[in-house]
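Notes follow once the structure below has been shown.
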Amino acid sequence: MTVSGKENIRTDETYVIVSNHQSLVDILVVFTLFRHFKWVSKAELFNIPLIGWNMYLNGYVRLERGRNYSVKKMYQACERHLQQGSSIYLFPEGTRSESGRLRDFKEGAFALAKRQQVPILPIVISGSRTALPKNSLNFHGEADIQVTVLPPIDPESFVGTPANELAMQVRLIIENKLNPDAT
């Protein structure tokens, strides 16, 4: 595993962190950044013994997908964490990609960054899908995993940009780094 771009993380800054999502391994590899943040995670993971308990005790943010009341609670919890100085980490695709191709980004992370006026920190994860593909719990041998921290996007640069457009712009930035040949 290689990590590059760690110099783009300012230790005195709070971020809305976003990245692509290819595998359950993504969660483990991102911890190698040694940066404090709170995950937003689907509610089902909180029910897994030991892992879910750890998530609950660490104050990670629970989200019941498709439930409006849960989305509202998620935003409130994220805003509270950001105001207390904890960055928030979201996978704006909403789920892991089976094919490795980047899915559309949901706008929630970007609406949050706009409302709280905090920078967005884009991260690109590549190679993790081959280590542990979606719908599999079997590790598939060695994998070359790269984590690339891209430069933060300052809130002043997206003040007038609607959240859905911002989501598309950041998706394109990540896609181009994930696949440099993308046009």
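Chains: A, B, ... in order of the structure tokens. Residues: from 1 per chain. Ligands: from 1, in order shown.
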Item to check | Nearby residues (only C-alpha atoms) at most 12 Å from Thr11 of chain A, same-chain spacing under 6 positions excluded, as an NGL selection string | outcome: :A and (33-37 or 85-87)
Write the residues of the selection above to a file with N, CA and C atoms, as an mmCIF file, in the first residue's frame.
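See selection_26.cif below for the written result:
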data_model
loop_
_atom_site.group_PDB
_atom_site.id
_atom_site.type_symbol
_atom_site.label_atom_id
_atom_site.label_comp_id
_atom_site.auth_asym_id
_atom_site.auth_seq_id
_atom_site.Cartn_x
_atom_site.Cartn_y
_atom_site.Cartn_z
ATOM 1 N N LEU A 33 -3.968 7.247 7.264
ATOM 2 C CA LEU A 33 -3.722 8.688 7.164
ATOM 3 C C LEU A 33 -3.454 9.295 8.537
ATOM 4 N N PHE A 34 -3.850 8.573 9.597
ATOM 5 C CA PHE A 34 -3.678 9.042 10.971
ATOM 6 C C PHE A 34 -4.270 10.439 11.147
ATOM 7 N N ARG A 35 -5.493 10.584 10.677
ATOM 8 C CA ARG A 35 -6.231 11.853 10.768
ATOM 9 C C ARG A 35 -7.548 11.561 11.480
ATOM 10 N N HIS A 36 -7.870 12.350 12.480
ATOM 11 C CA HIS A 36 -9.109 12.148 13.220
ATOM 12 C C HIS A 36 -10.308 12.558 12.366
ATOM 13 N N PHE A 37 -11.303 11.668 12.294
ATOM 14 C CA PHE A 37 -12.555 11.975 11.607
ATOM 15 C C PHE A 37 -13.637 11.039 12.122
ATOM 16 N N GLY A 85 -14.789 20.310 15.871
ATOM 17 C CA GLY A 85 -13.443 20.135 15.343
ATOM 18 C C GLY A 85 -13.119 18.776 14.763
ATOM 19 N N SER A 86 -14.107 17.909 14.613
ATOM 20 C CA SER A 86 -13.871 16.601 13.995
ATOM 21 C C SER A 86 -14.263 16.654 12.527
ATOM 22 N N SER A 87 -13.370 16.184 11.677
ATOM 23 C CA SER A 87 -13.709 16.055 10.268
ATOM 24 C C SER A 87 -14.739 14.944 10.098
#
Next on the checklist: Please list as a PyMOL selection string every residue within 8 Å of segment 169-178 of chain A, counting only C-alpha atoms and excluding residues in the same chain fewer than 4 positions away.
Outcome noted: chain A and resi 19-20+102+104-105+122-126+165+182-183
Item to check | Option closest in space to Gln84 of chain A, from A:Tyr15, A:Phe110, A:Tyr69, A:Phe46 [counting only C-alpha atoms] | outcome: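 Looking only at the distances to Gln84 of chain A, the closest residue turns out to be A:Tyr15.
Of note, atom CA of Gln116 of chain A and atom CA of Asn58 of chain A are spaced 21.9 Å apart.
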Checklist entry - Near Tyr56 of chain A, within 12 Å and counting only C-alpha atoms, which residues show up once chain neighbours fewer than 3 positions away are dropped, as an NGL selection string? => result :A and (38-41 or 43-53 or 59-62)
Keeping N, CA and C atoms, export the residues of the selection given above as a PDB file, in the first residue's frame.
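Saved to part-v5.pdb:
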ATOM      1  N   LYS A  38     -14.868  11.386  11.816  1.00  0.00           N
ATOM      2  CA  LYS A  38     -16.022  10.552  12.135  1.00  0.00           C
ATOM      3  C   LYS A  38     -16.590  10.045  10.815  1.00  0.00           C
ATOM      4  N   TRP A  39     -16.820   8.741  10.741  1.00  0.00           N
ATOM      5  CA  TRP A  39     -17.428   8.144   9.553  1.00  0.00           C
ATOM      6  C   TRP A  39     -18.923   8.387   9.550  1.00  0.00           C
ATOM      7  N   VAL A  40     -19.498   8.488   8.375  1.00  0.00           N
ATOM      8  CA  VAL A  40     -20.938   8.326   8.194  1.00  0.00           C
ATOM      9  C   VAL A  40     -21.093   6.932   7.617  1.00  0.00           C
ATOM     10  N   SER A  41     -21.885   6.105   8.278  1.00  0.00           N
ATOM     11  CA  SER A  41     -21.982   4.704   7.893  1.00  0.00           C
ATOM     12  C   SER A  41     -23.421   4.222   7.899  1.00  0.00           C
ATOM     13  N   ALA A  43     -26.599   2.118   8.733  1.00  0.00           N
ATOM     14  CA  ALA A  43     -27.039   1.666  10.055  1.00  0.00           C
ATOM     15  C   ALA A  43     -26.752   0.189  10.303  1.00  0.00           C
ATOM     16  N   GLU A  44     -26.806  -0.627   9.260  1.00  0.00           N
ATOM     17  CA  GLU A  44     -26.615  -2.074   9.429  1.00  0.00           C
ATOM     18  C   GLU A  44     -25.262  -2.411  10.042  1.00  0.00           C
ATOM     19  N   LEU A  45     -24.251  -1.608   9.762  1.00  0.00           N
ATOM     20  CA  LEU A  45     -22.917  -1.903  10.301  1.00  0.00           C
ATOM     21  C   LEU A  45     -22.850  -1.721  11.815  1.00  0.00           C
ATOM     22  N   PHE A  46     -23.732  -0.892  12.355  1.00  0.00           N
ATOM     23  CA  PHE A  46     -23.757  -0.680  13.799  1.00  0.00           C
ATOM     24  C   PHE A  46     -24.287  -1.910  14.543  1.00  0.00           C
ATOM     25  N   ASN A  47     -24.889  -2.847  13.824  1.00  0.00           N
ATOM     26  CA  ASN A  47     -25.438  -4.066  14.432  1.00  0.00           C
ATOM     27  C   ASN A  47     -24.450  -5.219  14.472  1.00  0.00           C
ATOM     28  N   ILE A  48     -23.274  -5.053  13.893  1.00  0.00           N
ATOM     29  CA  ILE A  48     -22.270  -6.117  13.884  1.00  0.00           C
ATOM     30  C   ILE A  48     -21.555  -6.128  15.234  1.00  0.00           C
ATOM     31  N   PRO A  49     -21.563  -7.281  15.918  1.00  0.00           N
ATOM     32  CA  PRO A  49     -20.877  -7.347  17.216  1.00  0.00           C
ATOM     33  C   PRO A  49     -19.422  -6.879  17.097  1.00  0.00           C
ATOM     34  N   LEU A  50     -18.951  -6.240  18.106  1.00  0.00           N
ATOM     35  CA  LEU A  50     -17.623  -5.659  18.253  1.00  0.00           C
ATOM     36  C   LEU A  50     -17.410  -4.478  17.307  1.00  0.00           C
ATOM     37  N   ILE A  51     -17.534  -4.666  16.012  1.00  0.00           N
ATOM     38  CA  ILE A  51     -17.331  -3.566  15.062  1.00  0.00           C
ATOM     39  C   ILE A  51     -18.374  -2.482  15.299  1.00  0.00           C
ATOM     40  N   GLY A  52     -19.636  -2.864  15.344  1.00  0.00           N
ATOM     41  CA  GLY A  52     -20.719  -1.901  15.552  1.00  0.00           C
ATOM     42  C   GLY A  52     -20.630  -1.221  16.906  1.00  0.00           C
ATOM     43  N   TRP A  53     -20.265  -1.975  17.915  1.00  0.00           N
ATOM     44  CA  TRP A  53     -20.129  -1.389  19.247  1.00  0.00           C
ATOM     45  C   TRP A  53     -19.020  -0.346  19.232  1.00  0.00           C
ATOM     46  N   GLY A  59     -18.575   7.385  18.347  1.00  0.00           N
ATOM     47  CA  GLY A  59     -19.416   8.491  17.911  1.00  0.00           C
ATOM     48  C   GLY A  59     -19.559   8.614  16.405  1.00  0.00           C
ATOM     49  N   TYR A  60     -19.368   7.499  15.689  1.00  0.00           N
ATOM     50  CA  TYR A  60     -19.567   7.551  14.238  1.00  0.00           C
ATOM     51  C   TYR A  60     -21.043   7.814  13.951  1.00  0.00           C
ATOM     52  N   VAL A  61     -21.312   8.301  12.773  1.00  0.00           N
ATOM     53  CA  VAL A  61     -22.652   8.779  12.431  1.00  0.00           C
ATOM     54  C   VAL A  61     -23.413   7.686  11.684  1.00  0.00           C
ATOM     55  N   ARG A  62     -24.550   7.347  12.228  1.00  0.00           N
ATOM     56  CA  ARG A  62     -25.406   6.283  11.690  1.00  0.00           C
ATOM     57  C   ARG A  62     -26.384   6.880  10.680  1.00  0.00           C
TER      58      ARG A  62
END
Next on the checklist: Which of chain A end up as alpha helix (DSSP H) when DSSP is run on this backbone - answer as a ChimeraX atom specification?
Outcome noted: /A:25-30,51-57,68-83,108-116,128-131,163-178
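Considering only C-alpha atoms, the residue among A:Leu57, A:Met74, A:Val30, A:Ile153 positioned nearest to Pro119 of chain A is A:Ile153.
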Checklist entry - Hey, can you check how far atom CA of Pro92 of chain A sits from atom CA of Leu166 of chain A? => result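 Distance reported for this atom pair: 11.7 Å.
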Item to check | A:Lys72, A:Lys42, A:Lys106, A:Arg67 ranked by distance to Met168 of chain A, top pick (using only C-alpha atoms) | outcome: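 Using only C-alpha atoms, Met168 of chain A sits closest to A:Lys106.
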